[in-house]
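Participant: Let me give you the structure first, and then I'll get to my questions.
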Amino acid sequence: MSTLTQFFLNPAYVLPGAALVLVPILIHILSRLRYKKVRFAAMEFLLESEELNRRRVVIEQLLLLLLRILAVLLIGLLIARLVLDPGRLLMLRGASMHHVVILDDSLSMRDQEGGSTVFHQALQILENMLVEGSRQPGTSRITLLSTTDPGRPIVADRTLDAAFVQEILPRLRNLTCSWRAPSPIDAINAARDILAADGGAAPHVHFLTDLRATDWNSRPDTVAALESLKTLNASVDLVAVVNDTRSNVVIQQLAAETLAVAQGIPWRMTVTLKNYSSRKATGLRSTVLLDGGSLPGRILIPDIEPGAELQVSHDVTFDSEGRHQIEVRLEDDALREDNRRFLAVEVTEKRLILIIDDEGQQEDASFVAAALSADPALTGLASEVRASQTLTSANLSRYDCIYLLNVRDLPADTTLLLTDYVRAGGGIIWFPGEQANMRWYSETLRDPSMKLFPVPIGTVHEVDPGVGAAAGNASPFLTPVFEEHPIFMVYNAPDSPFPDTVQIARWLQVTDEWKVDDTERADSVRTIMRLRTGQPVAFEHAIGKGRVLTFLIGAGRRWSNWPVAPASPGYVVTQLLVHQYLQRPIDSVESRELSEPIRLQWPISQFTENVEVYLPEAGPNDEPVAETFVRLQATLLKNDSHIPGETPSVKGDDTKKDDAASSLQELGVVIRQAERPGIYRLRRFSPDGNVNDLVMAVNVPTSESSLALADHEQITSQSELDHVRILESDAANSLGGSQAGRELRWLLLGLLIATLVAEQLLALRLSYHPAS
């Protein structure tokens, strides 16, 4: 009986209903026993005449009995609520049901509703489904997946019975929702692969999700994944845990121009907010925390229109050196996890800039140094002026950027050092000067293996005196035209007086065959400044992670009046912006979003395999954390991705070849414990025992912040998804679903009405009706 009761939503009524089927039979038998037989002549005559119609009457009476039995049976089935899913019918032939349950544990499931999270409500629904399903033991198997890691099932192909439910319920209650933004596609594909490998069971997929529009509406890839289940004849239930869309204001981004600043210098961060609601967000305030302590005052945020973004800037000054953590918090709303973001900032006593000047008196370098670091207490910058011969002995990674002034040429090893510096994220700025070796700049530096210089240059050009006279200006100077660029903000500001103060008399001219139109040339080199005559004199291009700025005018006053009055204020601001634009990214701090587990790799000669990870601690209102410190061991990676010939080697020297080959070997580690937002500190050790710390700010993904619900009709109305149905949370009370039972109820009701009508008509025919 336990096998058949799985087809009824009210199985307790099945046995009483079956017993009631005997009532019409008993009535029929008793009705035949209540008459006393008396034989007399007239009746004998009638019986002989009735013998001719006896068979027909008996058949009609049996048919009437069957109709009455069927009526009682249909009433019992209606009360017991018969459920006949197409997949369940396979079990009548001995097959079992394989339920693959997908639990959505993405960030949006942390939405607070009714005093608990949506994720906990989904767990409660799943618990009820398992308990109901266990009432028919031995008929179903279950696999439980999560959307964040569908490749590692929570439960893999277990028989659904009471013992299993008792075992799994404590595990379910200890599950926590992730802070990631996984796509449902991977979980659906994992379910398809599991069911495809189990061809002997009736497949059924249950997806417990908040059914957000960003994941389910207008997503052809999601539709394709659901459609692939149709090839397995699998039924799909999307169980919508959430019923209403909730408003949400999110910190979309916390960013800064640089993550390194000098002590005592204001550091500016920009907070980007977005309003995911249908109402204007008003009265918002955010709190800034420095190293866990709240700073005085709050950031007042203007009103944000529905669906709009807003940027707010705020300055923070650090009083001590070291690595500091910044946190910005909004007041809690439906999804409190996206109301906070983190940054890590490296604070030093001062930021270093290297100025190389090969001109004898280094006059140009003095102008640049005065602009950048005349008062280090105000700018936080310190300049070191040197000749180019010192480049090979200098540790270039110490400097935020490098100025190269009046350099004739450089040795090959020095050029390679500069190339590596830029590829790693450093920035350099060229002012070649009149002693420049034109062939070295135009050919050697522009070699495809380096690309350190953007254009081929020719001779030094001077303003034609006739140009100034034609313009009504007795002085032979030309004023430049500044393109829209971050370093020229002072010149492109509305009503700025500074552009007309710059006068240029001499410059290095590009060769005639070089195309001056950036669009026509399409070589990733951008012209950022031209003379009034159209001659380009400043350029920008990128190499690897770094940037290169090139000026074909002088950095001093020999070729222009740029560094002296009245143009000097614009010169000073421009050089400060150049440093900000070219500043080398800091290796010791990093910022990223929670997506895949954190992976690090490094050359085997740089650090050992030992890694210490300091995890973020839980705040006052945060979930408790199991551990705040772990030790990991890196493993040797197979590195076949290096292009042969990229690593320099010396022919004939086998020792150097072996050293170069060993430098290609890398160690790698995956930090799977980095699964929550906050500040992480990763400590590695160099072979000589030095400690290297990497501070990483990890933030939640903002793709989960839109809490708008998907349009159910848009999903179910697609013809290729006729095997998919969407259930409300209260309808998903057991594995297998109840929608088919509700549809079958109307069929049973129709059969009952037809049976009762046929029974009355047949009873009327068999009964005696004397003529009036």
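Residues are referred to by chain and number: the chain letter is A, B, ... according to the order shown in the structure tokens, the number counts from 1 in that chain, and ligands are numbered separately from 1 in the order shown.
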Gly307 in chain A: which residues within 9 Å, counting only C-alpha atoms, same-chain residues fewer than 2 positions away excluded, as a list in words?
Facilitator: Lys274, Asn275, Tyr276, Ser277, Ser278, Arg279, Lys280, Ile304, Glu305 and Glu309 of chain A
Participant: Go ahead and write the selection's residues with N, CA and C atoms as a short mmCIF file (atom, residue, chain, number, x, y, z; two decimals), in the first residue's frame.
Facilitator:
```cif
data_model
loop_
_atom_site.label_atom_id
_atom_site.label_comp_id
_atom_site.auth_asym_id
_atom_site.auth_seq_id
_atom_site.Cartn_x
_atom_site.Cartn_y
_atom_site.Cartn_z
N LYS A 274 23.72 53.22 -6.42
CA LYS A 274 22.64 53.01 -7.38
C LYS A 274 21.37 52.66 -6.64
N ASN A 275 20.25 53.20 -7.15
CA ASN A 275 18.95 52.99 -6.54
C ASN A 275 18.17 51.95 -7.34
N TYR A 276 18.07 50.72 -6.84
CA TYR A 276 17.31 49.66 -7.50
C TYR A 276 15.90 49.63 -6.90
N SER A 277 15.11 50.63 -7.16
CA SER A 277 13.74 50.64 -6.66
C SER A 277 12.90 51.54 -7.54
N SER A 278 11.62 51.54 -7.29
CA SER A 278 10.69 52.37 -8.07
C SER A 278 10.40 53.69 -7.38
N ARG A 279 11.07 53.94 -6.24
CA ARG A 279 10.86 55.19 -5.51
C ARG A 279 12.18 55.94 -5.37
N LYS A 280 12.08 57.25 -5.22
CA LYS A 280 13.26 58.06 -4.99
C LYS A 280 13.83 57.74 -3.61
N ILE A 304 18.46 60.12 -4.78
CA ILE A 304 18.76 59.31 -5.96
C ILE A 304 17.45 58.89 -6.60
N GLU A 305 17.28 59.24 -7.87
CA GLU A 305 16.07 58.88 -8.60
C GLU A 305 16.02 57.37 -8.84
N GLU A 309 22.20 56.30 -10.95
CA GLU A 309 23.47 56.18 -10.24
C GLU A 309 23.92 57.55 -9.76
#
```
Participant: Could you pull out the helix (DSSP H, G or I) residues of range 419-502 of chain A, going by DSSP on the backbone, and write them as a PDB file with all heavy atoms, in the first residue's frame?
Facilitator:
```
ATOM      1  N   THR A 419      61.541  48.501 -20.083  1.00  0.00           N
ATOM      2  CA  THR A 419      60.404  47.779 -20.679  1.00  0.00           C
ATOM      3  C   THR A 419      59.698  46.916 -19.641  1.00  0.00           C
ATOM      4  O   THR A 419      58.464  46.919 -19.538  1.00  0.00           O
ATOM      5  CB  THR A 419      60.888  46.910 -21.847  1.00  0.00           C
ATOM      6  OG1 THR A 419      61.568  47.730 -22.806  1.00  0.00           O
ATOM      7  CG2 THR A 419      59.722  46.224 -22.523  1.00  0.00           C
ATOM      8  N   ASP A 420      60.476  46.192 -18.845  1.00  0.00           N
ATOM      9  CA  ASP A 420      59.870  45.361 -17.801  1.00  0.00           C
ATOM     10  C   ASP A 420      59.149  46.223 -16.768  1.00  0.00           C
ATOM     11  O   ASP A 420      58.093  45.829 -16.255  1.00  0.00           O
ATOM     12  CB  ASP A 420      60.946  44.515 -17.119  1.00  0.00           C
ATOM     13  CG  ASP A 420      61.544  43.471 -18.051  1.00  0.00           C
ATOM     14  OD1 ASP A 420      60.893  43.146 -19.063  1.00  0.00           O
ATOM     15  OD2 ASP A 420      62.667  42.995 -17.772  1.00  0.00           O
ATOM     16  N   TYR A 421      59.718  47.372 -16.460  1.00  0.00           N
ATOM     17  CA  TYR A 421      59.097  48.271 -15.481  1.00  0.00           C
ATOM     18  C   TYR A 421      57.717  48.727 -15.961  1.00  0.00           C
ATOM     19  O   TYR A 421      56.742  48.723 -15.198  1.00  0.00           O
ATOM     20  CB  TYR A 421      60.015  49.468 -15.251  1.00  0.00           C
ATOM     21  CG  TYR A 421      59.418  50.580 -14.426  1.00  0.00           C
ATOM     22  CD1 TYR A 421      59.332  50.491 -13.050  1.00  0.00           C
ATOM     23  CD2 TYR A 421      58.935  51.736 -15.033  1.00  0.00           C
ATOM     24  CE1 TYR A 421      58.777  51.510 -12.290  1.00  0.00           C
ATOM     25  CE2 TYR A 421      58.383  52.770 -14.294  1.00  0.00           C
ATOM     26  CZ  TYR A 421      58.312  52.646 -12.918  1.00  0.00           C
ATOM     27  OH  TYR A 421      57.764  53.664 -12.174  1.00  0.00           O
ATOM     28  N   VAL A 422      57.625  49.086 -17.248  1.00  0.00           N
ATOM     29  CA  VAL A 422      56.351  49.554 -17.778  1.00  0.00           C
ATOM     30  C   VAL A 422      55.364  48.400 -17.902  1.00  0.00           C
ATOM     31  O   VAL A 422      54.183  48.527 -17.546  1.00  0.00           O
ATOM     32  CB  VAL A 422      56.547  50.263 -19.131  1.00  0.00           C
ATOM     33  CG1 VAL A 422      55.203  50.704 -19.701  1.00  0.00           C
ATOM     34  CG2 VAL A 422      57.462  51.466 -18.974  1.00  0.00           C
ATOM     35  N   ARG A 423      55.806  47.263 -18.382  1.00  0.00           N
ATOM     36  CA  ARG A 423      54.899  46.117 -18.522  1.00  0.00           C
ATOM     37  C   ARG A 423      54.304  45.703 -17.180  1.00  0.00           C
ATOM     38  O   ARG A 423      53.161  45.227 -17.111  1.00  0.00           O
ATOM     39  CB  ARG A 423      55.639  44.934 -19.151  1.00  0.00           C
ATOM     40  CG  ARG A 423      56.002  45.128 -20.613  1.00  0.00           C
ATOM     41  CD  ARG A 423      56.555  43.844 -21.208  1.00  0.00           C
ATOM     42  NE  ARG A 423      57.073  44.062 -22.539  1.00  0.00           N
ATOM     43  CZ  ARG A 423      56.323  44.115 -23.636  1.00  0.00           C
ATOM     44  NH1 ARG A 423      55.015  43.964 -23.536  1.00  0.00           N
ATOM     45  NH2 ARG A 423      56.879  44.313 -24.827  1.00  0.00           N
ATOM     46  N   MET A 438      68.079  60.264 -32.961  1.00  0.00           N
ATOM     47  CA  MET A 438      66.802  60.070 -33.644  1.00  0.00           C
ATOM     48  C   MET A 438      66.608  58.626 -34.102  1.00  0.00           C
ATOM     49  O   MET A 438      65.505  58.088 -34.022  1.00  0.00           O
ATOM     50  CB  MET A 438      66.711  61.021 -34.837  1.00  0.00           C
ATOM     51  CG  MET A 438      66.987  62.473 -34.512  1.00  0.00           C
ATOM     52  SD  MET A 438      65.882  63.104 -33.224  1.00  0.00           S
ATOM     53  CE  MET A 438      66.522  64.769 -33.005  1.00  0.00           C
ATOM     54  N   ARG A 439      67.673  57.998 -34.545  1.00  0.00           N
ATOM     55  CA  ARG A 439      67.543  56.618 -35.025  1.00  0.00           C
ATOM     56  C   ARG A 439      67.224  55.672 -33.867  1.00  0.00           C
ATOM     57  O   ARG A 439      66.415  54.749 -34.012  1.00  0.00           O
ATOM     58  CB  ARG A 439      68.837  56.204 -35.716  1.00  0.00           C
ATOM     59  CG  ARG A 439      68.783  54.811 -36.327  1.00  0.00           C
ATOM     60  CD  ARG A 439      70.024  54.509 -37.121  1.00  0.00           C
ATOM     61  NE  ARG A 439      69.962  53.179 -37.708  1.00  0.00           N
ATOM     62  CZ  ARG A 439      70.916  52.653 -38.458  1.00  0.00           C
ATOM     63  NH1 ARG A 439      72.020  53.376 -38.741  1.00  0.00           N
ATOM     64  NH2 ARG A 439      70.794  51.439 -38.937  1.00  0.00           N
ATOM     65  N   TRP A 440      67.843  55.906 -32.719  1.00  0.00           N
ATOM     66  CA  TRP A 440      67.575  55.043 -31.557  1.00  0.00           C
ATOM     67  C   TRP A 440      66.124  55.183 -31.101  1.00  0.00           C
ATOM     68  O   TRP A 440      65.459  54.196 -30.815  1.00  0.00           O
ATOM     69  CB  TRP A 440      68.527  55.427 -30.425  1.00  0.00           C
ATOM     70  CG  TRP A 440      68.376  54.578 -29.194  1.00  0.00           C
ATOM     71  CD1 TRP A 440      68.802  53.306 -29.017  1.00  0.00           C
ATOM     72  CD2 TRP A 440      67.734  54.960 -27.971  1.00  0.00           C
ATOM     73  NE1 TRP A 440      68.487  52.855 -27.756  1.00  0.00           N
ATOM     74  CE2 TRP A 440      67.822  53.858 -27.079  1.00  0.00           C
ATOM     75  CE3 TRP A 440      67.104  56.129 -27.529  1.00  0.00           C
ATOM     76  CZ2 TRP A 440      67.303  53.885 -25.791  1.00  0.00           C
ATOM     77  CZ3 TRP A 440      66.596  56.156 -26.249  1.00  0.00           C
ATOM     78  CH2 TRP A 440      66.688  55.049 -25.381  1.00  0.00           C
ATOM     79  N   TYR A 441      65.620  56.415 -31.069  1.00  0.00           N
ATOM     80  CA  TYR A 441      64.223  56.625 -30.674  1.00  0.00           C
ATOM     81  C   TYR A 441      63.257  56.052 -31.714  1.00  0.00           C
ATOM     82  O   TYR A 441      62.244  55.433 -31.373  1.00  0.00           O
ATOM     83  CB  TYR A 441      63.938  58.119 -30.493  1.00  0.00           C
ATOM     84  CG  TYR A 441      64.355  58.677 -29.153  1.00  0.00           C
ATOM     85  CD1 TYR A 441      65.616  59.233 -28.980  1.00  0.00           C
ATOM     86  CD2 TYR A 441      63.498  58.646 -28.065  1.00  0.00           C
ATOM     87  CE1 TYR A 441      66.011  59.749 -27.755  1.00  0.00           C
ATOM     88  CE2 TYR A 441      63.880  59.169 -26.837  1.00  0.00           C
ATOM     89  CZ  TYR A 441      65.143  59.715 -26.688  1.00  0.00           C
ATOM     90  OH  TYR A 441      65.521  60.226 -25.469  1.00  0.00           O
ATOM     91  N   SER A 442      63.563  56.276 -32.987  1.00  0.00           N
ATOM     92  CA  SER A 442      62.613  55.931 -34.053  1.00  0.00           C
ATOM     93  C   SER A 442      62.619  54.452 -34.395  1.00  0.00           C
ATOM     94  O   SER A 442      61.610  53.934 -34.876  1.00  0.00           O
ATOM     95  CB  SER A 442      62.919  56.744 -35.317  1.00  0.00           C
ATOM     96  OG  SER A 442      62.846  58.128 -35.050  1.00  0.00           O
ATOM     97  N   GLU A 443      63.735  53.772 -34.166  1.00  0.00           N
ATOM     98  CA  GLU A 443      63.832  52.372 -34.579  1.00  0.00           C
ATOM     99  C   GLU A 443      63.975  51.417 -33.391  1.00  0.00           C
ATOM    100  O   GLU A 443      63.152  50.515 -33.209  1.00  0.00           O
ATOM    101  CB  GLU A 443      65.022  52.201 -35.541  1.00  0.00           C
ATOM    102  CG  GLU A 443      64.861  52.990 -36.835  1.00  0.00           C
ATOM    103  CD  GLU A 443      66.050  52.824 -37.757  1.00  0.00           C
ATOM    104  OE1 GLU A 443      66.939  51.989 -37.444  1.00  0.00           O
ATOM    105  OE2 GLU A 443      66.110  53.521 -38.785  1.00  0.00           O
ATOM    106  N   THR A 444      64.995  51.632 -32.572  1.00  0.00           N
ATOM    107  CA  THR A 444      65.251  50.698 -31.465  1.00  0.00           C
ATOM    108  C   THR A 444      64.096  50.692 -30.462  1.00  0.00           C
ATOM    109  O   THR A 444      63.573  49.632 -30.099  1.00  0.00           O
ATOM    110  CB  THR A 444      66.560  51.057 -30.760  1.00  0.00           C
ATOM    111  OG1 THR A 444      67.629  51.069 -31.717  1.00  0.00           O
ATOM    112  CG2 THR A 444      66.862  50.047 -29.652  1.00  0.00           C
ATOM    113  N   PRO A 465      59.091  82.485 -38.545  1.00  0.00           N
ATOM    114  CA  PRO A 465      58.751  83.858 -38.165  1.00  0.00           C
ATOM    115  C   PRO A 465      57.551  84.407 -38.916  1.00  0.00           C
ATOM    116  O   PRO A 465      56.800  85.229 -38.395  1.00  0.00           O
ATOM    117  CB  PRO A 465      60.023  84.639 -38.518  1.00  0.00           C
ATOM    118  CG  PRO A 465      61.120  83.615 -38.462  1.00  0.00           C
ATOM    119  CD  PRO A 465      60.502  82.343 -38.942  1.00  0.00           C
ATOM    120  N   GLY A 466      57.322  83.916 -40.133  1.00  0.00           N
ATOM    121  CA  GLY A 466      56.180  84.411 -40.895  1.00  0.00           C
ATOM    122  C   GLY A 466      54.859  83.985 -40.298  1.00  0.00           C
ATOM    123  O   GLY A 466      53.832  84.634 -40.481  1.00  0.00           O
ATOM    124  N   VAL A 467      54.832  82.881 -39.544  1.00  0.00           N
ATOM    125  CA  VAL A 467      53.595  82.422 -38.932  1.00  0.00           C
ATOM    126  C   VAL A 467      53.130  83.414 -37.878  1.00  0.00           C
ATOM    127  O   VAL A 467      51.973  83.804 -37.800  1.00  0.00           O
ATOM    128  CB  VAL A 467      53.790  81.017 -38.337  1.00  0.00           C
ATOM    129  CG1 VAL A 467      52.564  80.581 -37.569  1.00  0.00           C
ATOM    130  CG2 VAL A 467      54.126  80.024 -39.425  1.00  0.00           C
ATOM    131  N   GLY A 468      54.095  83.882 -37.030  1.00  0.00           N
ATOM    132  CA  GLY A 468      53.725  84.837 -36.004  1.00  0.00           C
ATOM    133  C   GLY A 468      53.293  86.152 -36.586  1.00  0.00           C
ATOM    134  O   GLY A 468      52.345  86.786 -36.120  1.00  0.00           O
ATOM    135  N   ALA A 469      53.981  86.582 -37.660  1.00  0.00           N
ATOM    136  CA  ALA A 469      53.604  87.855 -38.274  1.00  0.00           C
ATOM    137  C   ALA A 469      52.230  87.773 -38.899  1.00  0.00           C
ATOM    138  O   ALA A 469      51.418  88.708 -38.823  1.00  0.00           O
ATOM    139  CB  ALA A 469      54.648  88.246 -39.318  1.00  0.00           C
ATOM    140  N   ALA A 470      51.922  86.650 -39.529  1.00  0.00           N
ATOM    141  CA  ALA A 470      50.608  86.512 -40.164  1.00  0.00           C
ATOM    142  C   ALA A 470      49.501  86.510 -39.135  1.00  0.00           C
ATOM    143  O   ALA A 470      48.371  86.913 -39.411  1.00  0.00           O
ATOM    144  CB  ALA A 470      50.571  85.221 -40.989  1.00  0.00           C
ATOM    145  N   PRO A 486      43.073  63.377 -18.713  1.00  0.00           N
ATOM    146  CA  PRO A 486      43.154  63.643 -17.268  1.00  0.00           C
ATOM    147  C   PRO A 486      44.295  64.563 -16.855  1.00  0.00           C
ATOM    148  O   PRO A 486      44.155  65.311 -15.885  1.00  0.00           O
ATOM    149  CB  PRO A 486      43.319  62.241 -16.663  1.00  0.00           C
ATOM    150  CG  PRO A 486      42.675  61.328 -17.646  1.00  0.00           C
ATOM    151  CD  PRO A 486      42.947  61.928 -18.988  1.00  0.00           C
ATOM    152  N   ILE A 487      45.421  64.526 -17.562  1.00  0.00           N
ATOM    153  CA  ILE A 487      46.544  65.366 -17.132  1.00  0.00           C
ATOM    154  C   ILE A 487      46.367  66.821 -17.558  1.00  0.00           C
ATOM    155  O   ILE A 487      47.107  67.696 -17.093  1.00  0.00           O
ATOM    156  CB  ILE A 487      47.881  64.820 -17.672  1.00  0.00           C
ATOM    157  CG1 ILE A 487      47.968  65.006 -19.194  1.00  0.00           C
ATOM    158  CG2 ILE A 487      48.084  63.377 -17.292  1.00  0.00           C
ATOM    159  CD1 ILE A 487      49.338  64.689 -19.761  1.00  0.00           C
ATOM    160  N   PHE A 488      45.397  67.098 -18.433  1.00  0.00           N
ATOM    161  CA  PHE A 488      45.168  68.468 -18.912  1.00  0.00           C
ATOM    162  C   PHE A 488      43.867  69.049 -18.363  1.00  0.00           C
ATOM    163  O   PHE A 488      43.249  69.902 -18.995  1.00  0.00           O
ATOM    164  CB  PHE A 488      45.128  68.496 -20.440  1.00  0.00           C
ATOM    165  CG  PHE A 488      46.438  68.157 -21.101  1.00  0.00           C
ATOM    166  CD1 PHE A 488      46.479  67.412 -22.276  1.00  0.00           C
ATOM    167  CD2 PHE A 488      47.633  68.569 -20.549  1.00  0.00           C
ATOM    168  CE1 PHE A 488      47.677  67.099 -22.878  1.00  0.00           C
ATOM    169  CE2 PHE A 488      48.848  68.246 -21.147  1.00  0.00           C
ATOM    170  CZ  PHE A 488      48.871  67.518 -22.304  1.00  0.00           C
ATOM    171  N   MET A 489      43.454  68.592 -17.183  1.00  0.00           N
ATOM    172  CA  MET A 489      42.203  69.083 -16.605  1.00  0.00           C
ATOM    173  C   MET A 489      42.220  70.596 -16.423  1.00  0.00           C
ATOM    174  O   MET A 489      41.209  71.280 -16.634  1.00  0.00           O
ATOM    175  CB  MET A 489      41.952  68.397 -15.257  1.00  0.00           C
ATOM    176  CG  MET A 489      41.609  66.924 -15.358  1.00  0.00           C
ATOM    177  SD  MET A 489      41.471  66.133 -13.733  1.00  0.00           S
ATOM    178  CE  MET A 489      40.201  67.151 -12.989  1.00  0.00           C
ATOM    179  N   VAL A 490      43.364  71.162 -16.020  1.00  0.00           N
ATOM    180  CA  VAL A 490      43.437  72.598 -15.763  1.00  0.00           C
ATOM    181  C   VAL A 490      43.272  73.405 -17.048  1.00  0.00           C
ATOM    182  O   VAL A 490      42.811  74.549 -17.024  1.00  0.00           O
ATOM    183  CB  VAL A 490      44.763  72.940 -15.051  1.00  0.00           C
ATOM    184  CG1 VAL A 490      45.948  72.719 -15.988  1.00  0.00           C
ATOM    185  CG2 VAL A 490      44.748  74.370 -14.528  1.00  0.00           C
ATOM    186  N   TYR A 491      43.624  72.819 -18.189  1.00  0.00           N
ATOM    187  CA  TYR A 491      43.524  73.533 -19.469  1.00  0.00           C
ATOM    188  C   TYR A 491      42.155  73.360 -20.110  1.00  0.00           C
ATOM    189  O   TYR A 491      41.740  74.200 -20.916  1.00  0.00           O
ATOM    190  CB  TYR A 491      44.613  73.050 -20.430  1.00  0.00           C
ATOM    191  CG  TYR A 491      46.009  73.356 -19.947  1.00  0.00           C
ATOM    192  CD1 TYR A 491      46.806  72.364 -19.398  1.00  0.00           C
ATOM    193  CD2 TYR A 491      46.520  74.648 -20.023  1.00  0.00           C
ATOM    194  CE1 TYR A 491      48.081  72.636 -18.942  1.00  0.00           C
ATOM    195  CE2 TYR A 491      47.801  74.936 -19.562  1.00  0.00           C
ATOM    196  CZ  TYR A 491      48.577  73.927 -19.022  1.00  0.00           C
ATOM    197  OH  TYR A 491      49.843  74.226 -18.566  1.00  0.00           O
ATOM    198  N   ASN A 492      41.480  72.265 -19.790  1.00  0.00           N
ATOM    199  CA  ASN A 492      40.177  72.006 -20.406  1.00  0.00           C
ATOM    200  C   ASN A 492      38.999  72.428 -19.537  1.00  0.00           C
ATOM    201  O   ASN A 492      37.854  72.212 -19.909  1.00  0.00           O
ATOM    202  CB  ASN A 492      40.051  70.508 -20.732  1.00  0.00           C
ATOM    203  CG  ASN A 492      41.002  70.077 -21.825  1.00  0.00           C
ATOM    204  OD1 ASN A 492      41.166  70.768 -22.829  1.00  0.00           O
ATOM    205  ND2 ASN A 492      41.667  68.937 -21.636  1.00  0.00           N
ATOM    206  N   PRO A 499      45.368  77.898 -21.203  1.00  0.00           N
ATOM    207  CA  PRO A 499      45.837  77.461 -22.525  1.00  0.00           C
ATOM    208  C   PRO A 499      46.581  78.543 -23.307  1.00  0.00           C
ATOM    209  O   PRO A 499      47.588  78.258 -23.966  1.00  0.00           O
ATOM    210  CB  PRO A 499      44.543  77.041 -23.240  1.00  0.00           C
ATOM    211  CG  PRO A 499      43.619  76.670 -22.149  1.00  0.00           C
ATOM    212  CD  PRO A 499      43.936  77.594 -21.025  1.00  0.00           C
ATOM    213  N   ASP A 500      46.132  79.783 -23.232  1.00  0.00           N
ATOM    214  CA  ASP A 500      46.758  80.840 -24.019  1.00  0.00           C
ATOM    215  C   ASP A 500      48.064  81.323 -23.423  1.00  0.00           C
ATOM    216  O   ASP A 500      48.785  82.108 -24.058  1.00  0.00           O
ATOM    217  CB  ASP A 500      45.790  82.020 -24.154  1.00  0.00           C
ATOM    218  CG  ASP A 500      44.551  81.662 -24.969  1.00  0.00           C
ATOM    219  OD1 ASP A 500      44.670  80.742 -25.818  1.00  0.00           O
ATOM    220  OD2 ASP A 500      43.495  82.266 -24.744  1.00  0.00           O
ATOM    221  N   THR A 501      48.384  80.881 -22.194  1.00  0.00           N
ATOM    222  CA  THR A 501      49.640  81.330 -21.582  1.00  0.00           C
ATOM    223  C   THR A 501      50.837  80.507 -22.050  1.00  0.00           C
ATOM    224  O   THR A 501      51.983  80.928 -21.881  1.00  0.00           O
ATOM    225  CB  THR A 501      49.538  81.235 -20.056  1.00  0.00           C
ATOM    226  OG1 THR A 501      49.338  79.867 -19.669  1.00  0.00           O
ATOM    227  CG2 THR A 501      48.383  82.083 -19.534  1.00  0.00           C
TER     228      THR A 501
END
```
Participant: Would you kindly return, as a ChimeraX atom specification, each protein, DNA or RNA residue with an atom no farther than 10 Å from any atom of range 396-404 of chain A, considering only C-alpha atoms and excluding same-chain residues fewer than 3 positions away?
Facilitator: /A:260,351-358,365,368,381-388,391-393,407,417-418,420-422,424-433,546-550,555,578-587
Participant: Name the residues in contact with Ala262 in chain A at a cut-off of 7 Å, using only C-alpha atoms, excluding same-chain residues fewer than 6 positions from it; report them as a PyMOL selection string.
Facilitator: chain A and resi 347-351+380
Participant: Extract the full set of strand (DSSP E or B) residues from range 228-469 of chain A according to DSSP on the backbone, and format it as a PyMOL selection string.
Facilitator: chain A and resi 235-240+248-256+260-262+267-276+281+284-290+293-294+299-301+304+309-316+322-330+340-348+351-357+381-386+401-405+427-431+457-462
Participant: Would you list the contacts of Glu627 in chain A as an MDAnalysis selection string, taking every protein, DNA or RNA residue within 9 Å and counting only C-alpha atoms, but skipping same-chain residues closer than 2 positions in sequence?
Facilitator: chainID A and resid 615 617 625 629:630 673
Participant: Could you please take those selected residues and save N, CA and C atoms as a short mmCIF file (atom, residue, chain, number, x, y, z; two decimals), in the first residue's frame?
Facilitator:
```cif
data_model
loop_
_atom_site.label_atom_id
_atom_site.label_comp_id
_atom_site.auth_asym_id
_atom_site.auth_seq_id
_atom_site.Cartn_x
_atom_site.Cartn_y
_atom_site.Cartn_z
N LEU A 615 42.22 35.80 7.69
CA LEU A 615 40.88 36.02 7.18
C LEU A 615 40.19 37.14 7.96
N GLU A 617 37.70 39.12 10.29
CA GLU A 617 36.93 38.75 11.47
C GLU A 617 35.50 39.23 11.33
N VAL A 625 32.38 33.43 12.20
CA VAL A 625 33.31 32.78 11.28
C VAL A 625 33.98 31.62 12.00
N PHE A 629 42.48 32.33 10.59
CA PHE A 629 43.86 32.15 10.15
C PHE A 629 44.01 30.74 9.61
N VAL A 630 44.66 30.62 8.45
CA VAL A 630 44.95 29.30 7.88
C VAL A 630 46.36 29.31 7.30
N GLN A 673 39.17 29.45 1.28
CA GLN A 673 38.57 30.04 2.49
C GLN A 673 38.15 31.49 2.27
#
```
Participant: Mind checking which residues fall within 10 Å of Thr635 in chain A, counting only C-alpha atoms, ignoring those fewer than 6 positions away in the same chain, and posting them as a PyMOL selection string?
Facilitator: chain A and resi 601+604+609-610+666-670
Participant: Write out as a list in words the residues lying within 9 Å of Leu335 in chain A, counting only C-alpha atoms and excluding same-chain residues fewer than 2 positions away.
Facilitator: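 Answer for this query is Leu107, Ser108, Met109, Arg110, Asp111, Gln112, Ser247, Asn248, Val249, Val250, Asp332, Asp333, Glu337, Asp338, Asn339, Ser705 and Leu707 of chain A.
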Participant: Under the rule that only C-alpha atoms are counted, which of A:Ser496, A:Gln509, A:Asn395, A:Ser178 is the nearest residue to Glu462 in chain A?
Facilitator: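 Using only C-alpha atoms, Glu462 in chain A sits closest to A:Gln509.
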Participant: Select from range 184-297 of chain A every residue with an atom at most 12 Å from any atom of range 683-701 of chain A, then for each give the shortest pair of atoms and their distance in Å to one decimal, using only C-alpha atoms, rows by chain and rising number, as a Markdown table.
Facilitator:
```
| residue | atom | partner | partner_atom | distance |
| --- | --- | --- | --- | --- |
| A:Val250 | CA | A:Pro701 | CA | 10.7 |
| A:Ile251 | CA | A:Val700 | CA | 10.1 |
| A:Gln252 | CA | A:Pro701 | CA | 8.7 |
| A:Gln253 | CA | A:Asn699 | CA | 9.3 |
| A:Leu254 | CA | A:Asn699 | CA | 9.5 |
| A:Ala255 | CA | A:Ala697 | CA | 11.4 |
| A:Leu259 | CA | A:Ala697 | CA | 11.1 |
```
